[in-house]
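> So here's query.cif (mmCIF, C-alpha atoms and all ligand atoms).
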data_input
loop_
_atom_site.label_atom_id
_atom_site.label_comp_id
_atom_site.auth_asym_id
_atom_site.auth_seq_id
_atom_site.Cartn_x
_atom_site.Cartn_y
_atom_site.Cartn_z
CA MET A 1 -26.32 -16.27 9.22
CA GLU A 2 -28.62 -15.39 12.09
CA GLN A 3 -28.40 -11.70 13.00
CA LYS A 4 -28.51 -11.20 16.77
CA LYS A 5 -28.24 -7.43 16.83
CA LYS A 6 -27.57 -6.55 20.47
CA ASN A 7 -25.81 -3.29 19.99
CA GLU A 8 -25.10 -1.12 16.98
CA ASN A 9 -21.38 -1.37 17.79
CA ASP A 10 -21.38 -5.18 17.67
CA TYR A 11 -20.09 -6.68 14.45
CA ASP A 12 -19.38 -10.12 13.05
CA PHE A 13 -16.40 -9.03 10.99
CA ILE A 14 -14.24 -5.93 11.47
CA ILE A 15 -11.69 -5.11 8.79
CA ILE A 16 -8.78 -2.88 9.73
CA GLY A 17 -7.75 -1.05 6.57
CA ALA A 18 -9.75 0.16 3.60
CA GLY A 19 -7.40 -0.52 0.71
CA VAL A 20 -8.53 -2.82 -2.07
CA ALA A 21 -8.08 -5.97 0.05
CA GLY A 22 -10.22 -4.48 2.84
CA LEU A 23 -12.91 -3.11 0.52
CA ALA A 24 -13.26 -6.37 -1.39
CA SER A 25 -13.44 -8.28 1.87
CA ALA A 26 -16.17 -5.94 3.16
CA MET A 27 -18.24 -6.68 0.07
CA TYR A 28 -17.79 -10.44 0.52
CA GLY A 29 -18.40 -10.26 4.27
CA ALA A 30 -21.76 -8.59 3.69
CA ARG A 31 -22.68 -11.06 0.96
CA LEU A 32 -22.02 -13.86 3.43
CA GLY A 33 -24.50 -12.27 5.83
CA MET A 34 -21.96 -10.92 8.30
CA ARG A 35 -22.44 -7.52 9.90
CA THR A 36 -19.24 -5.99 8.57
CA LEU A 37 -17.31 -2.83 9.41
CA CYS A 38 -14.32 -1.67 7.39
CA LEU A 39 -12.20 0.94 9.17
CA GLY A 40 -10.07 3.13 6.92
CA SER A 41 -7.50 5.81 7.71
CA SER A 42 -6.58 3.31 10.35
CA HIS A 43 -3.02 2.37 9.83
CA GLY A 44 -0.87 5.45 9.66
CA SER A 45 -0.16 5.32 5.93
CA GLU A 46 -2.06 8.62 5.54
CA LEU A 47 -3.70 7.37 2.36
CA PRO A 48 -7.37 7.89 1.55
CA ILE A 49 -9.98 5.12 1.35
CA GLY A 50 -8.69 2.84 -1.39
CA GLY A 51 -5.16 2.82 0.01
CA VAL A 52 -2.01 2.58 -2.03
CA ILE A 53 -3.78 1.90 -5.35
CA THR A 54 -5.00 5.52 -5.27
CA THR A 55 -1.38 6.58 -5.87
CA THR A 56 -1.23 4.61 -9.14
CA ASN A 57 -1.89 6.53 -12.32
CA ILE A 58 -2.96 3.74 -14.62
CA VAL A 59 -4.13 0.29 -13.58
CA GLU A 60 -4.26 -2.05 -16.55
CA ASN A 61 -3.89 -5.42 -14.85
CA TYR A 62 -7.21 -5.63 -13.00
CA PRO A 63 -9.54 -7.99 -14.89
CA GLY A 64 -12.73 -6.39 -16.12
CA PHE A 65 -11.14 -2.97 -16.50
CA ILE A 66 -8.79 -2.59 -19.45
CA ARG A 67 -7.47 0.72 -18.17
CA LEU A 68 -8.52 2.99 -15.34
CA SER A 69 -6.88 5.05 -12.63
CA GLY A 70 -6.18 3.65 -9.17
CA GLU A 71 -8.56 6.23 -7.71
CA GLU A 72 -11.34 5.09 -10.03
CA LEU A 73 -10.80 1.43 -9.14
CA ALA A 74 -10.86 2.25 -5.41
CA GLU A 75 -14.04 4.28 -5.83
CA GLU A 76 -15.77 1.42 -7.71
CA MET A 77 -14.81 -0.98 -4.93
CA ARG A 78 -15.99 1.38 -2.24
CA LYS A 79 -19.37 1.83 -3.99
CA HIS A 80 -19.64 -1.93 -4.46
CA ALA A 81 -19.04 -2.65 -0.76
CA GLU A 82 -21.40 0.13 0.35
CA SER A 83 -24.17 -1.17 -1.89
CA TYR A 84 -24.71 -3.85 0.79
CA GLU A 85 -26.68 -2.81 3.85
CA LEU A 86 -24.58 -5.11 6.04
CA ALA A 87 -21.31 -3.38 5.12
CA ALA A 88 -20.19 -0.06 6.61
CA ILE A 89 -17.01 1.86 5.87
CA LYS A 90 -15.83 4.41 8.42
CA GLU A 91 -12.82 6.69 8.48
CA GLU A 92 -11.53 6.05 11.98
CA LYS A 93 -8.05 5.34 13.26
CA VAL A 94 -7.77 2.07 15.14
CA GLU A 95 -5.69 2.54 18.28
CA LYS A 96 -5.93 -0.82 20.02
CA ILE A 97 -7.41 -4.28 19.61
CA GLU A 98 -7.93 -6.52 22.63
CA LYS A 99 -9.08 -10.09 22.83
CA LYS A 100 -12.11 -10.40 25.15
CA GLY A 101 -13.00 -14.06 25.58
CA LEU A 102 -13.88 -15.37 22.14
CA SER A 103 -14.38 -11.92 20.60
CA PHE A 104 -12.38 -8.72 20.11
CA LEU A 105 -12.66 -5.14 21.36
CA VAL A 106 -11.58 -2.59 18.76
CA LYS A 107 -10.83 0.91 20.09
CA THR A 108 -10.60 3.74 17.59
CA ASP A 109 -10.00 7.48 17.98
CA LYS A 110 -13.80 7.94 17.92
CA ASN A 111 -15.52 4.77 19.10
CA GLN A 112 -15.23 1.28 20.37
CA TYR A 113 -16.61 -1.83 18.74
CA ASN A 114 -16.94 -5.54 19.46
CA SER A 115 -16.36 -8.10 16.79
CA LYS A 116 -16.38 -11.87 16.50
CA THR A 117 -13.59 -11.79 13.92
CA ILE A 118 -10.89 -9.38 12.73
CA LEU A 119 -9.16 -8.93 9.38
CA PHE A 120 -5.89 -7.04 9.16
CA ALA A 121 -5.74 -5.43 5.72
CA THR A 122 -3.50 -2.62 6.93
CA GLY A 123 -1.13 -2.56 3.95
CA THR A 124 2.22 -0.86 3.96
CA LYS A 125 3.87 2.52 4.18
CA TRP A 126 6.72 3.88 2.07
CA LYS A 127 10.25 2.95 3.10
CA LYS A 128 12.07 6.23 3.63
CA LEU A 129 15.38 7.19 2.05
CA ASP A 130 18.00 7.38 4.77
CA VAL A 131 20.97 9.47 3.60
CA PRO A 132 22.21 12.93 4.66
CA GLY A 133 19.67 15.49 3.44
CA SER A 134 16.82 13.03 2.97
CA LYS A 135 14.84 14.23 6.01
CA GLU A 136 15.74 17.88 5.57
CA PHE A 137 14.48 18.00 1.98
CA GLU A 138 11.36 15.84 2.37
CA ASN A 139 8.55 17.80 0.67
CA LYS A 140 11.21 20.26 -0.53
CA GLY A 141 12.10 18.27 -3.61
CA ILE A 142 12.09 14.78 -2.09
CA ALA A 143 8.77 13.01 -2.61
CA TYR A 144 7.29 9.53 -2.26
CA CYS A 145 4.17 9.71 -4.41
CA ALA A 146 4.95 10.39 -8.07
CA LEU A 147 1.32 10.52 -9.07
CA CYS A 148 0.49 13.08 -6.39
CA ASP A 149 3.48 15.34 -6.88
CA SER A 150 4.68 14.98 -10.49
CA PRO A 151 2.78 18.08 -11.78
CA LEU A 152 4.92 20.18 -9.41
CA PHE A 153 8.00 19.19 -11.42
CA LYS A 154 6.85 20.40 -14.82
CA GLY A 155 9.85 21.11 -17.07
CA LYS A 156 12.35 20.09 -14.37
CA VAL A 157 15.03 17.41 -14.05
CA VAL A 158 14.13 14.69 -11.53
CA ALA A 159 15.31 11.26 -10.44
CA VAL A 160 13.55 8.15 -9.21
CA ILE A 161 15.49 5.99 -6.78
CA GLY A 162 14.69 2.27 -6.93
CA GLY A 163 14.64 -0.56 -9.40
CA SER A 164 11.27 -2.30 -9.20
CA ASP A 165 8.15 -1.94 -11.31
CA SER A 166 7.04 0.84 -8.94
CA ALA A 167 10.15 2.86 -9.85
CA ALA A 168 9.47 2.26 -13.54
CA LYS A 169 5.86 3.39 -13.24
CA ASP A 170 6.89 6.45 -11.27
CA ALA A 171 9.41 7.36 -13.98
CA LEU A 172 6.73 7.05 -16.66
CA VAL A 173 4.32 9.29 -14.72
CA LEU A 174 7.08 11.82 -14.11
CA ALA A 175 8.09 11.86 -17.77
CA GLU A 176 4.65 13.27 -18.57
CA HIS A 177 5.66 16.48 -16.78
CA ALA A 178 9.41 16.62 -16.20
CA LYS A 179 12.06 17.57 -18.76
CA LYS A 180 14.33 14.66 -17.82
CA VAL A 181 13.91 11.63 -15.54
CA TYR A 182 16.81 9.57 -14.24
CA ILE A 183 16.19 6.19 -12.64
CA ILE A 184 19.00 5.54 -10.17
CA TYR A 185 19.27 1.88 -9.29
CA ARG A 186 21.77 0.21 -7.00
CA LYS A 187 22.14 -3.02 -9.01
CA GLU A 188 22.76 -4.14 -12.59
CA LYS A 189 19.29 -4.00 -14.20
CA ILE A 190 15.92 -2.72 -13.07
CA ARG A 191 13.07 -5.24 -12.67
CA ALA A 192 10.16 -3.54 -14.41
CA GLU A 193 7.26 -5.48 -15.90
CA PRO A 194 8.20 -6.10 -19.56
CA ILE A 195 5.42 -3.82 -20.80
CA ASN A 196 6.70 -0.95 -18.65
CA MET A 197 10.33 -1.69 -19.56
CA GLU A 198 9.40 -1.31 -23.21
CA ARG A 199 7.72 2.02 -22.49
CA ILE A 200 10.81 3.22 -20.63
CA GLU A 201 13.12 2.21 -23.44
CA LYS A 202 10.98 4.13 -25.93
CA ASN A 203 10.76 7.23 -23.74
CA LYS A 204 13.55 9.64 -24.67
CA LYS A 205 13.20 11.61 -21.43
CA ILE A 206 14.10 8.61 -19.24
CA GLU A 207 17.68 7.57 -18.57
CA ILE A 208 18.72 4.71 -16.29
CA ILE A 209 21.81 4.92 -14.08
CA ASN A 210 22.60 1.40 -12.88
CA ASN A 211 24.94 0.12 -10.16
CA THR A 212 24.69 3.45 -8.36
CA ASN A 213 23.51 4.70 -4.95
CA VAL A 214 22.52 8.18 -3.91
CA VAL A 215 24.64 8.97 -0.86
CA LYS A 216 23.56 12.57 -0.18
CA VAL A 217 20.88 15.05 -1.16
CA LYS A 218 22.00 18.68 -1.39
CA GLY A 219 20.19 21.98 -1.77
CA ASN A 220 19.37 25.22 -0.01
CA LYS A 221 15.63 25.77 0.39
CA PHE A 222 14.90 23.03 -2.13
CA VAL A 223 16.83 20.12 -3.62
CA LYS A 224 19.55 21.18 -6.07
CA SER A 225 21.54 17.98 -6.59
CA VAL A 226 22.33 14.48 -5.40
CA ILE A 227 25.71 12.93 -4.75
CA LEU A 228 26.26 9.49 -6.28
CA ASP A 229 28.65 6.83 -4.98
CA ARG A 230 30.26 6.52 -8.42
CA GLU A 231 30.74 8.83 -11.35
CA TYR A 232 28.08 9.19 -13.99
CA SER A 233 29.09 11.06 -17.16
CA GLY A 234 32.32 12.01 -15.44
CA LYS A 235 30.71 13.48 -12.28
CA LYS A 236 29.51 12.28 -8.89
CA GLU A 237 27.15 15.24 -8.46
CA LEU A 238 23.94 15.14 -10.49
CA GLN A 239 22.05 18.43 -10.80
CA LEU A 240 18.29 18.00 -10.40
CA GLU A 241 15.28 19.48 -8.61
CA GLY A 242 13.25 16.46 -7.62
CA VAL A 243 13.99 13.08 -6.04
CA PHE A 244 11.24 10.46 -6.01
CA VAL A 245 11.89 7.58 -3.66
CA ALA A 246 10.58 4.14 -4.67
CA ILE A 247 12.70 1.83 -2.54
CA GLY A 248 9.94 -0.38 -1.21
CA HIS A 249 7.40 -0.56 1.54
CA ILE A 250 7.19 -1.48 5.23
CA ALA A 251 4.33 -3.66 6.47
CA LEU A 252 1.97 -1.85 8.83
CA SER A 253 1.69 -4.63 11.38
CA ASP A 254 2.19 -2.90 14.76
CA LEU A 255 -1.43 -3.37 15.88
CA ALA A 256 -1.26 -7.02 14.88
CA LYS A 257 2.01 -7.50 16.75
CA GLU A 258 0.47 -5.98 19.90
CA LEU A 259 -2.33 -8.51 19.66
CA GLY A 260 0.19 -11.37 19.52
CA ILE A 261 -0.05 -12.10 15.78
CA ALA A 262 3.02 -13.90 14.40
CA LEU A 263 5.11 -11.88 11.93
CA ASN A 264 7.96 -12.89 9.63
CA ASP A 265 11.38 -11.20 9.60
CA LYS A 266 10.05 -8.50 7.23
CA GLY A 267 7.30 -7.63 9.71
CA GLU A 268 4.61 -9.16 7.48
CA ILE A 269 1.74 -11.10 9.03
CA ILE A 270 2.18 -14.83 8.57
CA ILE A 271 -0.99 -16.30 7.07
CA ASN A 272 -2.18 -19.68 5.98
CA HIS A 273 -2.05 -19.14 2.22
CA LYS A 274 -5.18 -21.22 1.67
CA THR A 275 -7.40 -19.59 4.30
CA SER A 276 -5.82 -16.19 5.18
CA GLU A 277 -5.87 -17.31 8.87
CA THR A 278 -3.24 -16.00 11.29
CA ASN A 279 -1.93 -17.78 14.39
CA ILE A 280 -4.83 -16.38 16.49
CA ASP A 281 -8.27 -17.93 16.06
CA GLY A 282 -10.75 -15.51 14.51
CA VAL A 283 -8.02 -13.21 13.16
CA PHE A 284 -7.16 -13.07 9.46
CA ALA A 285 -4.85 -10.99 7.26
CA ALA A 286 -4.87 -10.05 3.58
CA GLY A 287 -3.15 -7.82 1.06
CA ASP A 288 0.26 -6.19 1.23
CA VAL A 289 0.60 -6.63 5.02
CA ALA A 290 0.48 -10.44 4.63
CA ASP A 291 3.48 -12.65 3.86
CA LYS A 292 2.74 -13.34 0.19
CA PRO A 293 5.62 -12.69 -2.21
CA PHE A 294 3.50 -11.49 -5.15
CA LYS A 295 1.67 -8.40 -4.00
CA GLN A 296 -0.79 -7.08 -6.54
CA ALA A 297 -4.19 -5.45 -6.20
CA ILE A 298 -5.80 -8.62 -7.50
CA THR A 299 -3.96 -10.93 -5.11
CA GLY A 300 -4.85 -8.69 -2.14
CA VAL A 301 -8.48 -8.71 -3.24
CA ALA A 302 -8.42 -12.51 -3.49
CA GLU A 303 -6.92 -12.85 0.00
CA GLY A 304 -9.53 -10.44 1.37
CA CYS A 305 -12.35 -12.51 -0.13
CA THR A 306 -10.79 -15.72 1.18
CA ALA A 307 -10.51 -14.15 4.64
CA ALA A 308 -14.20 -13.18 4.59
CA TYR A 309 -15.16 -16.75 3.77
CA SER A 310 -12.85 -18.13 6.48
CA ALA A 311 -14.35 -15.67 9.01
CA PHE A 312 -17.82 -16.80 8.01
CA GLU A 313 -16.85 -20.45 8.53
CA TYR A 314 -15.22 -19.62 11.85
CA ILE A 315 -18.35 -17.85 13.13
CA SER A 316 -20.61 -20.64 11.90
CA LYS A 317 -18.53 -23.11 13.90
CA HIS A 318 -18.04 -21.11 17.12
CA TYR A 319 -21.22 -19.07 17.58
P1 LIG B 401 10.20 -3.71 -3.86
O1 LIG B 401 10.71 -4.17 -2.56
O2 LIG B 401 9.70 -4.66 -4.86
O3 LIG B 401 11.38 -2.88 -4.59
C1 LIG B 401 12.15 -1.93 -3.93
C2 LIG B 401 13.26 -1.44 -4.87
O4 LIG B 401 14.03 -0.45 -4.21
C3 LIG B 401 14.22 -2.55 -5.28
O5 LIG B 401 14.65 -2.30 -6.57
C4 LIG B 401 15.37 -2.37 -4.28
O6 LIG B 401 16.61 -2.76 -4.80
C5 LIG B 401 15.38 -0.88 -4.10
N1 LIG B 401 15.87 -0.49 -2.78
C6 LIG B 401 15.46 -0.98 -1.57
N2 LIG B 401 16.10 -0.35 -0.57
C7 LIG B 401 16.92 0.56 -1.16
C8 LIG B 401 17.82 1.51 -0.67
N3 LIG B 401 18.01 1.68 0.64
N4 LIG B 401 18.50 2.29 -1.56
C9 LIG B 401 18.30 2.13 -2.88
N5 LIG B 401 17.44 1.25 -3.42
C10 LIG B 401 16.77 0.47 -2.56
O7 LIG B 401 9.14 -2.59 -3.48
P2 LIG B 401 7.92 -1.99 -4.30
O8 LIG B 401 7.42 -0.93 -3.45
O9 LIG B 401 8.30 -1.61 -5.65
O10 LIG B 401 6.90 -3.17 -4.40
C11 LIG B 401 6.31 -3.71 -3.24
C12 LIG B 401 5.31 -4.75 -3.67
O11 LIG B 401 4.26 -4.14 -4.37
C13 LIG B 401 5.94 -5.80 -4.58
O12 LIG B 401 5.60 -7.06 -4.07
C14 LIG B 401 5.30 -5.56 -5.92
O13 LIG B 401 5.03 -6.78 -6.58
C15 LIG B 401 4.01 -4.84 -5.56
N6 LIG B 401 3.57 -3.95 -6.62
C16 LIG B 401 2.38 -4.24 -7.20
C17 LIG B 401 1.89 -3.48 -8.22
C18 LIG B 401 0.56 -3.87 -8.84
O14 LIG B 401 -0.40 -4.24 -8.17
N7 LIG B 401 0.46 -3.85 -10.13
C19 LIG B 401 2.63 -2.32 -8.73
C20 LIG B 401 3.87 -2.07 -8.03
C21 LIG B 401 4.31 -2.87 -7.00
P3 LIG B 401 17.02 -4.31 -4.98
O15 LIG B 401 16.43 -4.69 -6.31
O16 LIG B 401 18.50 -4.23 -4.98
O17 LIG B 401 16.46 -5.04 -3.82
#
Just give me the structure as structure tokens.


Amino acid sequence: MEQKKKNENDYDFIIIGAGVAGLASAMYGARLGMRTLCLGSSHGSELPIGGVITTTNIVENYPGFIRLSGEELAEEMRKHAESYELAAIKEEKVEKIEKKGLSFLVKTDKNQYNSKTILFATGTKWKKLDVPGSKEFENKGIAYCALCDSPLFKGKVVAVIGGSDSAAKDALVLAEHAKKVYIIYRKEKIRAEPINMERIEKNKKIEIINNTNVVKVKGNKFVKSVILDREYSGKKELQLEGVFVAIGHIALSDLAKELGIALNDKGEIIINHKTSETNIDGVFAAGDVADKPFKQAITGVAEGCTAAYSAFEYISKHY
């Protein structure tokens, strides 16, 4: 691609979000000869460069790496992207994106940039528990990141709320430190990956409470107990000191919505699953913010790479 460098703030491809989808896309964008900027810390999830994967203890489903931490995987991807002169990663918060003719104006808390194409790789944020006490005790026993906070609960009794593989993984991380870990799930049977289910069943510290909701969190300065909507071992009150919430994620799509990007009823960006294109020409989406049902690091990476290629084709056609 011909590089017409008018201004150092002019880019071919700007990626909003520096999780794994964004980082992989930056690497591909640069390889395709596009002047690429990946803006992290940009979507209000308060996660570092690398995004949500950095809160995962062990990643063992990313090909090429039998077992490594989420932080290590993110760091490898960051280094890989930055090894290309055409790719830059900056920690800036994107505040607004405007369409200006064929291109886009991206305003951050520090700068403004022009770009021919945009990729939303903004990911998700944690869905918050919404019961009496859940706000009051946030960071006083209620936590959302098991990997970050589990060492604080050494020798204590804790619970994970949720029933997906995330809840299972959180319970396993917590069991490394806590004395006892309950998984409290609202339906019949949790949906962990079989390999994690097996680990849970073998772990004597973990106990699953099915068909049960937490309806209240109690304590004084810190959490002391939760109230369940049905009895467990003859009681509705469960004494514990930590509550880890793993009840899902909310797509960070506000900036996309403001730009006129079509969203589904979950607030995810609707993409063409072959090309990662959105309803607006020159705008793409990838990773957990996009409307794909199977959200994994590897699928986000693949969508990010596809988006980079689609952006390259779009620029080749229109510029
Ligand atoms: P999910 O939406 O998959 O699961 C949320 C869980 O919380 C469900 O069990 C749900 O129950 C429960 N829940 C939701 N709301 C409430 C509530 N108000 N009270 C009690 N329980 C509630 O979210 P995840 O964050 O686990 O996963 C999001 C995505 O990330 C998924 O697509 C998953 O595939 C992906 N992921 C990828 C990983 C990887 O790359 N290896 C690892 C972990 C997750 P119910 O079952 O009744 O709906």

> Which residues are close to Glu91 in chain A, i.e. within 9 Å by all atoms listed in the file, leaving aside same-chain residues fewer than 4 positions away? Reply as a CSV table (one decimal) with C-alpha atoms, keeping the file's coordinate frame.


chain,number,residue,atom,x,y,z
A,18,ALA,CA,-9.8,0.2,3.6
A,38,CYS,CA,-14.3,-1.7,7.4
A,39,LEU,CA,-12.2,0.9,9.2
A,40,GLY,CA,-10.1,3.1,6.9
A,41,SER,CA,-7.5,5.8,7.7
A,42,SER,CA,-6.6,3.3,10.4
A,48,PRO,CA,-7.4,7.9,1.6
A,49,ILE,CA,-10.0,5.1,1.4

> Find the distance between CA of Ser115 in chain A and CA of Ile269 in chain A and write it in Å to one decimal.

19.9 Å

> Show me which residues line ligand LIG 401 (chain B), defined as having an atom within 8 Å of a ligand atom where all atoms listed in the file count, and present them as an MDAnalysis selection string.

chainID A and resid 53 56 59 61 126:127 129:130 161:167 169 185:187 190:191 213:214 246:249 288 293:298

> Using all atoms listed in the file, what residues lie at most 10 Å away from (-4.8, 4.2, -5.5) (file coordinates), given as a VMD selection string?

chain A and resid 19 to 20 47 to 59 69 to 75 147 297

> Quick one, how far is CA of Tyr309 in chain A from CA of Asp254 in chain A?

24.8 Å

> Assuming the input is short of atoms at range 220-233 of chain A, produce N, CA, C and O atoms for that part as a PDB file, in the coordinates of the input.


ATOM      1  N   ASN A 220      19.474  24.179  -1.039  1.00  0.00           N
ATOM      2  CA  ASN A 220      19.370  25.220  -0.010  1.00  0.00           C
ATOM      3  C   ASN A 220      17.960  25.167   0.540  1.00  0.00           C
ATOM      4  O   ASN A 220      17.701  24.397   1.439  1.00  0.00           O
ATOM      5  N   LYS A 221      17.016  25.944  -0.054  1.00  0.00           N
ATOM      6  CA  LYS A 221      15.630  25.770   0.390  1.00  0.00           C
ATOM      7  C   LYS A 221      15.024  24.506  -0.188  1.00  0.00           C
ATOM      8  O   LYS A 221      14.185  23.848   0.426  1.00  0.00           O
ATOM      9  N   PHE A 222      15.395  24.207  -1.421  1.00  0.00           N
ATOM     10  CA  PHE A 222      14.900  23.030  -2.130  1.00  0.00           C
ATOM     11  C   PHE A 222      16.080  22.223  -2.672  1.00  0.00           C
ATOM     12  O   PHE A 222      17.196  22.731  -2.727  1.00  0.00           O
ATOM     13  N   VAL A 223      15.786  20.989  -3.072  1.00  0.00           N
ATOM     14  CA  VAL A 223      16.830  20.120  -3.620  1.00  0.00           C
ATOM     15  C   VAL A 223      17.477  20.758  -4.852  1.00  0.00           C
ATOM     16  O   VAL A 223      16.790  21.315  -5.713  1.00  0.00           O
ATOM     17  N   LYS A 224      18.799  20.661  -4.911  1.00  0.00           N
ATOM     18  CA  LYS A 224      19.550  21.180  -6.070  1.00  0.00           C
ATOM     19  C   LYS A 224      20.332  20.070  -6.778  1.00  0.00           C
ATOM     20  O   LYS A 224      20.577  20.141  -7.967  1.00  0.00           O
ATOM     21  N   SER A 225      20.735  19.047  -5.987  1.00  0.00           N
ATOM     22  CA  SER A 225      21.540  17.980  -6.590  1.00  0.00           C
ATOM     23  C   SER A 225      21.559  16.756  -5.670  1.00  0.00           C
ATOM     24  O   SER A 225      21.145  16.834  -4.509  1.00  0.00           O
ATOM     25  N   VAL A 226      22.041  15.652  -6.239  1.00  0.00           N
ATOM     26  CA  VAL A 226      22.330  14.480  -5.400  1.00  0.00           C
ATOM     27  C   VAL A 226      23.782  14.068  -5.650  1.00  0.00           C
ATOM     28  O   VAL A 226      24.327  14.296  -6.736  1.00  0.00           O
ATOM     29  N   ILE A 227      24.354  13.450  -4.616  1.00  0.00           N
ATOM     30  CA  ILE A 227      25.710  12.930  -4.750  1.00  0.00           C
ATOM     31  C   ILE A 227      25.611  11.412  -4.923  1.00  0.00           C
ATOM     32  O   ILE A 227      24.938  10.741  -4.140  1.00  0.00           O
ATOM     33  N   LEU A 228      26.280  10.927  -5.974  1.00  0.00           N
ATOM     34  CA  LEU A 228      26.260   9.490  -6.280  1.00  0.00           C
ATOM     35  C   LEU A 228      27.526   8.829  -5.719  1.00  0.00           C
ATOM     36  O   LEU A 228      28.533   9.511  -5.504  1.00  0.00           O
ATOM     37  N   ASP A 229      27.453   7.505  -5.517  1.00  0.00           N
ATOM     38  CA  ASP A 229      28.650   6.830  -4.980  1.00  0.00           C
ATOM     39  C   ASP A 229      29.637   6.432  -6.083  1.00  0.00           C
ATOM     40  O   ASP A 229      30.662   5.831  -5.802  1.00  0.00           O
ATOM     41  N   ARG A 230      29.297   6.713  -7.325  1.00  0.00           N
ATOM     42  CA  ARG A 230      30.260   6.520  -8.420  1.00  0.00           C
ATOM     43  C   ARG A 230      29.966   7.558  -9.506  1.00  0.00           C
ATOM     44  O   ARG A 230      28.853   8.119  -9.556  1.00  0.00           O
ATOM     45  N   GLU A 231      30.920   7.781 -10.337  1.00  0.00           N
ATOM     46  CA  GLU A 231      30.740   8.830 -11.350  1.00  0.00           C
ATOM     47  C   GLU A 231      29.732   8.414 -12.411  1.00  0.00           C
ATOM     48  O   GLU A 231      29.671   7.251 -12.809  1.00  0.00           O
ATOM     49  N   TYR A 232      28.962   9.396 -12.839  1.00  0.00           N
ATOM     50  CA  TYR A 232      28.080   9.190 -13.990  1.00  0.00           C
ATOM     51  C   TYR A 232      28.355  10.350 -14.950  1.00  0.00           C
ATOM     52  O   TYR A 232      28.323  11.514 -14.542  1.00  0.00           O
ATOM     53  N   SER A 233      28.677  10.045 -16.177  1.00  0.00           N
ATOM     54  CA  SER A 233      29.090  11.060 -17.160  1.00  0.00           C
ATOM     55  C   SER A 233      30.198  11.943 -16.590  1.00  0.00           C
ATOM     56  O   SER A 233      30.142  13.173 -16.698  1.00  0.00           O
TER      57      SER A 233
END
